[in-house]
$ cat structure.txt   # compact mmCIF, C-alpha atoms
# COMPACT_ATOMS: atom_id res chain seq x y z
CA MET A 171 92.48 135.18 94.88
CA THR A 172 92.10 134.05 98.45
CA GLY A 173 91.22 130.51 97.36
CA ALA A 174 94.14 130.42 94.94
CA ALA A 175 96.50 131.70 97.58
CA ALA A 176 95.23 129.14 100.05
CA SER A 177 95.62 126.40 97.46
CA THR A 178 99.17 127.50 96.72
CA GLY A 179 99.95 127.53 100.42
CA LYS A 180 98.64 124.00 100.77
CA ASN A 181 100.68 122.84 97.81
CA ASP A 182 103.80 124.45 99.24
CA GLU A 183 103.15 122.80 102.59
CA LYS A 184 102.64 119.45 100.88
CA LYS A 185 105.75 119.91 98.79
CA HIS A 186 107.89 120.20 101.90
CA VAL A 187 106.63 117.03 103.57
CA ILE A 188 109.61 114.73 104.08
CA PHE A 189 108.48 111.36 102.78
CA PRO A 190 110.28 108.40 104.37
CA TRP A 191 111.29 106.92 101.02
CA LYS A 192 113.15 110.12 100.17
CA ARG A 193 115.11 109.85 103.38
CA MET A 194 115.83 106.20 102.61
CA VAL A 195 117.28 107.04 99.20
CA ALA A 196 119.24 109.95 100.66
CA GLY A 197 120.54 107.72 103.45
CA ALA A 198 121.70 105.05 101.01
CA VAL A 199 123.67 107.62 99.00
CA ALA A 200 125.08 109.15 102.18
CA GLY A 201 126.11 105.78 103.59
CA THR A 202 128.09 105.00 100.45
CA ALA A 203 129.90 108.35 100.59
CA ASP A 204 130.68 107.85 104.28
CA VAL A 205 132.23 104.40 103.85
CA TRP A 206 134.44 105.32 100.93
CA ALA A 207 135.71 108.41 102.72
CA CYS A 208 136.32 106.92 106.16
CA HIS A 209 136.84 103.15 105.93
CA PRO A 210 140.61 103.30 106.70
CA LEU A 211 139.95 105.00 110.04
CA ASP A 212 137.38 102.34 110.88
CA ARG A 213 140.00 99.63 110.36
CA ILE A 214 142.49 101.34 112.66
CA LYS A 215 139.82 101.99 115.31
CA THR A 216 138.79 98.33 115.39
CA GLN A 217 142.38 97.14 115.71
CA LEU A 218 143.07 99.58 118.54
CA GLN A 219 140.09 98.37 120.55
CA ASN A 220 141.40 94.82 120.40
CA ASN A 221 144.97 95.91 121.19
CA PRO A 222 144.57 98.89 123.55
CA GLY A 223 148.26 99.03 124.45
CA LYS A 224 149.36 99.98 120.95
CA SER A 225 149.73 103.49 119.58
CA ILE A 226 147.73 104.77 116.63
CA PHE A 227 150.85 104.83 114.46
CA GLY A 228 151.84 101.32 115.54
CA THR A 229 148.37 100.05 114.70
CA PHE A 230 148.54 101.77 111.32
CA GLN A 231 151.83 99.99 110.61
CA ASP A 232 150.32 96.64 111.59
CA VAL A 233 147.41 97.11 109.20
CA VAL A 234 149.44 98.20 106.18
CA SER A 235 152.06 95.48 106.74
CA LYS A 236 149.48 92.73 106.21
CA GLY A 237 149.46 91.05 102.82
CA LYS A 238 151.22 91.91 99.60
CA GLY A 239 150.33 93.69 96.39
CA PHE A 240 146.65 94.61 96.28
CA THR A 241 146.06 93.06 99.72
CA GLY A 242 148.83 94.92 101.54
CA GLY A 243 150.17 98.41 102.06
CA VAL A 244 147.67 101.22 101.69
CA TYR A 245 145.28 98.79 99.99
CA ALA A 246 144.96 96.95 103.30
CA LEU A 247 143.21 100.01 104.73
CA TYR A 248 140.41 99.45 102.22
CA GLU A 249 140.13 95.71 102.70
CA GLY A 250 136.50 94.65 102.90
CA ILE A 251 135.17 97.98 101.64
CA LEU A 252 132.69 96.50 99.14
CA PRO A 253 130.75 94.48 101.75
CA MET A 254 130.88 97.51 104.04
CA THR A 255 129.44 99.65 101.26
CA ALA A 256 126.58 97.20 100.81
CA GLU A 257 125.97 97.28 104.56
CA ALA A 258 126.00 101.08 104.62
CA ILE A 259 123.47 101.34 101.80
CA PHE A 260 120.97 99.26 103.76
CA LYS A 261 121.92 100.48 107.24
CA VAL A 262 121.83 104.22 106.64
CA GLY A 263 118.88 103.96 104.28
CA ILE A 264 116.88 102.03 106.88
CA ARG A 265 117.99 104.42 109.64
CA TYR A 266 116.66 107.54 107.96
CA PHE A 267 113.56 105.75 106.71
CA ALA A 268 112.76 104.56 110.25
CA PHE A 269 113.38 107.97 111.81
CA SER A 270 111.36 109.79 109.17
CA TRP A 271 108.49 107.29 109.35
CA PHE A 272 108.38 107.50 113.16
CA THR A 273 108.41 111.29 113.34
CA GLU A 274 105.99 111.76 110.43
CA GLU A 275 103.61 109.20 111.90
CA TYR A 276 103.73 110.92 115.28
CA ASN A 277 103.10 114.33 113.73
CA GLN A 278 100.18 113.02 111.69
CA ARG A 279 98.58 111.37 114.70
CA TYR A 280 99.18 113.99 117.37
CA ASN A 281 100.17 117.31 115.73
CA ASN A 282 97.85 117.56 112.72
CA GLY A 283 100.76 116.84 110.43
CA ARG A 284 102.90 119.69 111.74
CA PRO A 285 106.23 119.42 113.56
CA PRO A 286 106.10 120.21 117.30
CA LYS A 287 107.35 123.56 118.54
CA ASP A 288 110.03 121.81 120.58
CA PRO A 289 111.03 118.65 118.66
CA PHE A 290 113.82 117.59 121.03
CA PHE A 291 112.00 114.66 122.64
CA LEU A 292 110.49 113.56 119.34
CA ASN A 293 113.96 113.52 117.77
CA LEU A 294 115.22 111.63 120.82
CA ALA A 295 112.51 108.97 120.50
CA GLY A 296 112.86 108.84 116.72
CA GLY A 297 116.60 108.31 117.08
CA ALA A 298 116.06 105.46 119.53
CA PHE A 299 113.54 103.85 117.17
CA ALA A 300 115.87 104.20 114.18
CA GLY A 301 118.78 102.74 116.15
CA THR A 302 116.70 99.74 117.21
CA VAL A 303 115.42 98.97 113.71
CA GLU A 304 118.79 99.27 111.99
CA SER A 305 120.47 97.18 114.71
CA PHE A 306 118.25 94.14 114.33
CA LEU A 307 117.97 94.27 110.56
CA VAL A 308 121.55 95.14 109.62
CA VAL A 309 124.05 96.40 112.17
CA ILE A 310 124.45 93.56 114.69
CA PRO A 311 125.27 90.76 112.21
CA CYS A 312 127.30 93.04 109.93
CA GLU A 313 129.32 94.45 112.82
CA LEU A 314 130.20 90.96 113.99
CA LEU A 315 131.39 89.98 110.51
CA LYS A 316 133.36 93.23 110.21
CA VAL A 317 135.13 92.70 113.54
CA ARG A 318 135.93 89.07 112.72
CA HIS A 319 137.20 90.06 109.29
CA MET A 320 139.37 92.91 110.56
CA THR A 321 140.90 90.99 113.48
CA GLN A 322 141.64 87.67 111.75
CA GLU A 323 145.23 86.50 111.60
CA HIS A 324 145.04 85.43 107.96
CA SER A 325 143.36 87.43 105.23
CA ARG A 326 140.08 85.80 104.25
CA SER A 327 137.00 87.09 102.44
CA PHE A 328 133.80 88.21 104.13
CA GLY A 329 132.06 85.21 102.59
CA MET A 330 134.47 82.79 104.23
CA VAL A 331 134.16 84.56 107.58
CA PHE A 332 130.36 84.36 107.29
CA LYS A 333 130.52 80.61 106.55
CA ASP A 334 132.81 80.06 109.53
CA VAL A 335 130.40 81.83 111.89
CA ILE A 336 127.39 79.86 110.65
CA ARG A 337 129.26 76.55 110.76
CA GLU A 338 130.83 77.04 114.19
CA GLU A 339 128.21 79.12 116.02
CA GLY A 340 125.02 78.85 114.01
CA PHE A 341 122.73 81.70 112.97
CA ARG A 342 122.62 82.97 116.55
CA GLY A 343 126.36 83.54 116.32
CA LEU A 344 125.68 86.50 114.03
CA TYR A 345 124.01 88.25 116.96
CA LYS A 346 126.84 87.68 119.43
CA GLY A 347 127.52 90.88 121.36
CA GLY A 348 124.20 92.14 120.08
CA SER A 349 123.12 93.75 123.34
CA ALA A 350 126.15 96.06 123.38
CA THR A 351 125.69 96.86 119.69
CA LEU A 352 122.00 97.59 120.22
CA LEU A 353 122.71 99.94 123.13
CA ARG A 354 125.46 101.63 121.14
CA GLN A 355 123.20 102.25 118.15
CA ILE A 356 120.29 103.47 120.26
CA THR A 357 122.45 105.91 122.20
CA ASN A 358 124.22 106.95 119.00
CA HIS A 359 121.04 108.14 117.37
CA MET A 360 119.36 109.38 120.54
CA ILE A 361 122.25 111.84 120.59
CA ARG A 362 122.91 112.46 116.89
CA PHE A 363 119.40 113.29 115.73
CA PRO A 364 118.60 115.80 118.52
CA VAL A 365 122.06 117.40 118.31
CA PHE A 366 122.02 117.74 114.52
CA TYR A 367 118.47 119.04 114.32
CA GLY A 368 118.94 121.22 117.39
CA ILE A 369 121.88 122.97 115.71
CA THR A 370 120.30 123.21 112.26
CA ASP A 371 116.92 124.37 113.59
CA TYR A 372 118.73 127.14 115.44
CA LEU A 373 120.61 128.12 112.27
CA LYS A 374 117.36 128.09 110.28
CA GLY A 375 115.77 130.51 112.72
CA GLY A 376 112.53 128.55 112.93
CA ASP A 377 112.09 128.21 109.16
CA HIS A 378 111.94 124.42 108.68
CA HIS A 379 111.88 124.77 104.89
CA LYS A 380 115.12 126.72 104.70
CA GLN A 381 118.08 124.97 103.03
CA LEU A 382 121.32 125.51 104.92
CA PRO A 383 124.72 125.83 103.21
CA VAL A 384 126.63 122.55 102.97
CA ILE A 385 129.34 123.76 105.37
CA GLN A 386 126.77 124.27 108.12
CA ASN A 387 125.32 120.78 107.66
CA LEU A 388 128.86 119.36 107.66
CA THR A 389 129.66 121.15 110.92
CA ALA A 390 126.42 120.11 112.62
CA GLY A 391 126.94 116.50 111.52
CA ALA A 392 130.51 116.46 112.82
CA LEU A 393 129.42 117.83 116.20
CA ALA A 394 126.61 115.28 116.45
CA GLY A 395 129.03 112.45 115.67
CA THR A 396 131.61 113.68 118.17
CA ALA A 397 129.03 114.01 120.94
CA SER A 398 127.75 110.47 120.45
CA THR A 399 131.26 109.01 120.32
CA LEU A 400 132.41 110.64 123.54
CA PHE A 401 129.30 109.39 125.30
CA ASN A 402 129.16 105.77 124.21
CA ASN A 403 132.70 104.69 123.30
CA PRO A 404 132.71 102.18 126.22
CA LEU A 405 129.77 100.37 124.60
CA ASP A 406 131.66 100.22 121.31
CA THR A 407 134.73 98.78 123.04
CA ILE A 408 132.67 96.14 124.85
CA LYS A 409 130.90 95.26 121.61
CA THR A 410 134.17 94.85 119.71
CA ARG A 411 135.68 92.59 122.39
CA MET A 412 132.55 90.43 122.59
CA GLN A 413 132.44 89.90 118.84
CA LYS A 414 136.08 88.87 118.48
CA GLN A 415 136.54 85.29 117.32
CA GLY A 416 137.02 82.78 120.14
CA GLN A 417 135.34 85.10 122.63
CA ASN A 418 132.88 83.15 124.80
CA GLN A 419 132.67 85.40 127.84
CA THR A 420 129.61 87.14 129.23
CA SER A 421 129.22 90.91 129.11
CA MET A 422 130.36 91.28 132.73
CA GLN A 423 133.41 89.10 132.15
CA VAL A 424 134.34 91.20 129.12
CA ILE A 425 133.89 94.40 131.14
CA ARG A 426 136.13 93.06 133.91
CA GLY A 427 138.71 91.98 131.33
CA ILE A 428 138.77 95.43 129.73
CA TYR A 429 139.19 97.06 133.13
CA ALA A 430 142.00 94.64 134.00
CA ASP A 431 143.78 95.55 130.76
CA GLY A 432 144.00 99.25 131.47
CA GLY A 433 141.54 100.48 134.04
CA ALA A 434 138.75 102.89 133.15
CA ARG A 435 140.82 104.38 130.32
CA ALA A 436 140.68 101.07 128.46
CA PHE A 437 136.96 101.62 127.83
CA TRP A 438 137.89 104.64 125.74
CA ALA A 439 140.49 102.71 123.73
CA GLY A 440 140.23 103.76 120.12
CA CYS A 441 138.21 106.85 121.05
CA VAL A 442 140.47 109.27 119.17
CA PRO A 443 140.50 107.31 115.90
CA ARG A 444 136.79 106.65 116.38
CA ILE A 445 136.14 110.39 116.63
CA LEU A 446 138.40 110.91 113.63
CA ARG A 447 136.28 108.28 111.86
CA VAL A 448 132.83 109.21 113.14
CA ALA A 449 133.02 113.01 113.03
CA PRO A 450 133.88 113.32 109.32
CA GLY A 451 131.67 110.33 108.57
CA GLN A 452 128.66 111.92 110.21
CA ALA A 453 129.51 115.27 108.65
CA ILE A 454 129.43 113.65 105.21
CA THR A 455 126.36 111.56 106.00
CA TRP A 456 124.21 114.43 107.24
CA ALA A 457 125.34 116.85 104.54
CA VAL A 458 124.62 114.32 101.79
CA VAL A 459 121.27 113.34 103.33
CA GLU A 460 120.14 116.96 103.46
CA TRP A 461 121.43 117.67 99.95
CA VAL A 462 119.85 114.59 98.34
CA THR A 463 116.58 115.14 100.23
CA GLY A 464 116.53 118.72 98.95
CA LEU A 465 116.97 117.46 95.40
CA LEU A 466 114.21 114.87 95.78
CA ASN A 467 111.84 117.46 97.24
CA LYS A 468 112.00 119.33 93.94
CA PHE A 469 110.23 116.48 92.17
$ encode --input "structure.txt" --output "C-alpha cells"
Amino acid sequence: MTGAAASTGKNDEKKHVIFPWKRMVAGAVAGTADVWACHPLDRIKTQLQNNPGKSIFGTFQDVVSKGKGFTGGVYALYEGILPMTAEAIFKVGIRYFAFSWFTEEYNQRYNNGRPPKDPFFLNLAGGAFAGTVESFLVVIPCELLKVRHMTQEHSRSFGMVFKDVIREEGFRGLYKGGSATLLRQITNHMIRFPVFYGITDYLKGGDHHKQLPVIQNLTAGALAGTASTLFNNPLDTIKTRMQKQGQNQTSMQVIRGIYADGGARAFWAGCVPRILRVAPGQAITWAVVEWVTGLLNKF
C-alpha cells in the first residue's frame, strides 16, 4: 500500500508539471482572444500617442472617418487585425514558452524540480527573460510595422508597409526604436508575472495545483496589466514616436520632443486608452492561458 501510495503521489506530482509546450499552446490561444477583443482600443491608443493634443473621442472620430465601406467606419477599428492575430499567436506563445522553460529549468537545476517557497524573484527573472525573447523574435519588428500601418496617411496593407520599410531602410529598419520596445517588454513582464502569480498564489492558499475560478484569473490579469501600464507608459510613448515613418531622431531627441509637446504629462499620452486596452487584454490572456493549460494538464 505504501509503495502504491507513493507511486500515485509521484504520478500526481508529475501530472501537474507545467510543460513549456503546454504554455506555448495556451499562449497562442490567449493571444488570439486578446487581439480580437481589444484591437480597436490599440488603434486609438497608437493614434493618441502620435497626436497627444487630441481627445480620446476626437481620435476615435479620426479613425472611423478613414476610408469607406469595409475600410471605414467601425471597420476601420479592426483594420490590420489579421496580421496582428498572427503576431499575437507567435508573440504570446513564445512569451509563455520562454517563461515556463526558464522557471522550470531553474527549478530542476536548483530546487529539485519544486517551485521555491517565495517565487517572486524567479517570476521577476522569468518575466525579464520572456520579454527579451519575444522582443527580438517577434515584438520589435511587428510593433514597427503596426505603428507605421496605423499612422499612415493613406490606407495600405501590412505587406506594402513591410516592403516600404525594407526598400527604404533595409532589414535593420524593422528594429528601429527597438531599445525602447525591448525595455517596455522586459518591464511589462517583470511586473505582470510577479503580480499575477503573487495574487493567484495568495488566492490558492499555497496549493499550487488548485484551479481558480475564471473571474479570479480575470481580475488578477487585469491588475497585472494595469500595474505594468502605469509604470512603463513613457517607454511605450517613446517607442511609438521613434517608430513613426520619417522619424530619424535619436532616443534623447525624441524624449526632448515629447517633453516640448506637453511636458512630463506627454509621456503618459494614451495612458488611459492603453489601460483600457491592456487591462482587459491581460485579463483575457491570463484567464485563457490558465484555462487552456488546465485542459492540457488533463491529458
$ residues_around --input "structure.txt" --residues "region 311-326 of chain A" --least-positions-apart "5" --cutoff "9 Å" --atoms "all atoms listed in the file" --output "PyMOL selection string"
chain A and resi 213+216-217+220+236-237+241+249-250+253-254+257+305-306+331-332+335+343-348+351+409-415
$ write_last_selection --input "structure.txt" --atoms "C-alpha atoms" --output "PDB file, keeping the file's coordinate frame"
ATOM      1  CA  ARG A 213     140.000  99.630 110.360  1.00  0.00           C
ATOM      2  CA  THR A 216     138.790  98.330 115.390  1.00  0.00           C
ATOM      3  CA  GLN A 217     142.380  97.140 115.710  1.00  0.00           C
ATOM      4  CA  ASN A 220     141.400  94.820 120.400  1.00  0.00           C
ATOM      5  CA  LYS A 236     149.480  92.730 106.210  1.00  0.00           C
ATOM      6  CA  GLY A 237     149.460  91.050 102.820  1.00  0.00           C
ATOM      7  CA  THR A 241     146.060  93.060  99.720  1.00  0.00           C
ATOM      8  CA  GLU A 249     140.130  95.710 102.700  1.00  0.00           C
ATOM      9  CA  GLY A 250     136.500  94.650 102.900  1.00  0.00           C
ATOM     10  CA  PRO A 253     130.750  94.480 101.750  1.00  0.00           C
ATOM     11  CA  MET A 254     130.880  97.510 104.040  1.00  0.00           C
ATOM     12  CA  GLU A 257     125.970  97.280 104.560  1.00  0.00           C
ATOM     13  CA  SER A 305     120.470  97.180 114.710  1.00  0.00           C
ATOM     14  CA  PHE A 306     118.250  94.140 114.330  1.00  0.00           C
ATOM     15  CA  VAL A 331     134.160  84.560 107.580  1.00  0.00           C
ATOM     16  CA  PHE A 332     130.360  84.360 107.290  1.00  0.00           C
ATOM     17  CA  VAL A 335     130.400  81.830 111.890  1.00  0.00           C
ATOM     18  CA  GLY A 343     126.360  83.540 116.320  1.00  0.00           C
ATOM     19  CA  LEU A 344     125.680  86.500 114.030  1.00  0.00           C
ATOM     20  CA  TYR A 345     124.010  88.250 116.960  1.00  0.00           C
ATOM     21  CA  LYS A 346     126.840  87.680 119.430  1.00  0.00           C
ATOM     22  CA  GLY A 347     127.520  90.880 121.360  1.00  0.00           C
ATOM     23  CA  GLY A 348     124.200  92.140 120.080  1.00  0.00           C
ATOM     24  CA  THR A 351     125.690  96.860 119.690  1.00  0.00           C
ATOM     25  CA  LYS A 409     130.900  95.260 121.610  1.00  0.00           C
ATOM     26  CA  THR A 410     134.170  94.850 119.710  1.00  0.00           C
ATOM     27  CA  ARG A 411     135.680  92.590 122.390  1.00  0.00           C
ATOM     28  CA  MET A 412     132.550  90.430 122.590  1.00  0.00           C
ATOM     29  CA  GLN A 413     132.440  89.900 118.840  1.00  0.00           C
ATOM     30  CA  LYS A 414     136.080  88.870 118.480  1.00  0.00           C
ATOM     31  CA  GLN A 415     136.540  85.290 117.320  1.00  0.00           C
TER      32      GLN A 415
END
$ closest_residue --input "structure.txt" --among "A:Glu339, A:Asp334, A:Asp371, A:Glu304" --to "Ile259 (chain A)" --atoms "only C-alpha atoms"
A:Glu304
$ residues_around --input "structure.txt" --residues "Ala392 (chain A)" --least-positions-apart "2" --cutoff "10 Å" --atoms "all atoms listed in the file" --output "list in words"
Arg362, Phe366, Gln386, Asn387, Leu388, Thr389, Ala390, Ala394, Gly395, Thr396, Ala397, Ile445, Leu446, Val448, Ala449, Pro450, Gly451, Gln452, Ala453, Ile454, Thr455, Trp456 and Ala457 of chain A
$ atom_distance --input "structure.txt" --atom1 "CA of Lys215 (chain A)" --atom2 "CA of Gly440 (chain A)"
5.1 Å
$ atom_distance --input "structure.txt" --atom1 "CA of Thr407 (chain A)" --atom2 "CA of Met194 (chain A)"
28.8 Å
$ closest_residue --input "structure.txt" --among "A:Thr255, A:Ala350, A:Tyr372, A:Ala198" --to "Val424 (chain A)" --atoms "all atoms listed in the file"
A:Ala350
$ closest_residue --input "structure.txt" --among "A:Val309, A:Phe290, A:Lys333, A:Ser421" --to "Val365 (chain A)" --atoms "only C-alpha atoms"
A:Phe290
$ atom_distance --input "structure.txt" --atom1 "CA of Ile310 (chain A)" --atom2 "CA of Thr420 (chain A)"
16.7 Å
$ closest_residue --input "structure.txt" --among "A:Val199, A:Ala298, A:Leu466, A:Ile428" --to "Gly223 (chain A)" --atoms "all atoms listed in the file"
A:Ile428
$ residues_around --input "structure.txt" --residues "Phe299 (chain A)" --least-positions-apart "3" --cutoff "12 Å" --atoms "only C-alpha atoms" --output "list in words"
Ile264, Arg265, Tyr266, Phe267, Ala268, Phe269, Ser270, Trp271, Phe272, Thr273, Leu292, Asn293, Leu294, Ala295, Gly296, Thr302, Val303, Glu304, Ser305, Phe306, Leu352, Leu353, Gln355, Ile356, Thr357, Asn358, His359, Met360 and Phe363 of chain A
$ write_last_selection --input "structure.txt" --atoms "C-alpha atoms" --output "compact mmCIF listing (two decimals), in the coordinates of the input"
# COMPACT_ATOMS: atom_id res chain seq x y z
CA ILE A 264 116.88 102.03 106.88
CA ARG A 265 117.99 104.42 109.64
CA TYR A 266 116.66 107.54 107.96
CA PHE A 267 113.56 105.75 106.71
CA ALA A 268 112.76 104.56 110.25
CA PHE A 269 113.38 107.97 111.81
CA SER A 270 111.36 109.79 109.17
CA TRP A 271 108.49 107.29 109.35
CA PHE A 272 108.38 107.50 113.16
CA THR A 273 108.41 111.29 113.34
CA LEU A 292 110.49 113.56 119.34
CA ASN A 293 113.96 113.52 117.77
CA LEU A 294 115.22 111.63 120.82
CA ALA A 295 112.51 108.97 120.50
CA GLY A 296 112.86 108.84 116.72
CA THR A 302 116.70 99.74 117.21
CA VAL A 303 115.42 98.97 113.71
CA GLU A 304 118.79 99.27 111.99
CA SER A 305 120.47 97.18 114.71
CA PHE A 306 118.25 94.14 114.33
CA LEU A 352 122.00 97.59 120.22
CA LEU A 353 122.71 99.94 123.13
CA GLN A 355 123.20 102.25 118.15
CA ILE A 356 120.29 103.47 120.26
CA THR A 357 122.45 105.91 122.20
CA ASN A 358 124.22 106.95 119.00
CA HIS A 359 121.04 108.14 117.37
CA MET A 360 119.36 109.38 120.54
CA PHE A 363 119.40 113.29 115.73
$ closest_residue --input "structure.txt" --among "A:Leu465, A:Ala434, A:Ala300, A:Val308" --to "Gln381 (chain A)" --atoms "only C-alpha atoms"
A:Leu465
$ closest_residue --input "structure.txt" --among "A:Gly243, A:Pro404, A:Gly432, A:Gly376" --to "Pro286 (chain A)" --atoms "only C-alpha atoms"
A:Gly376
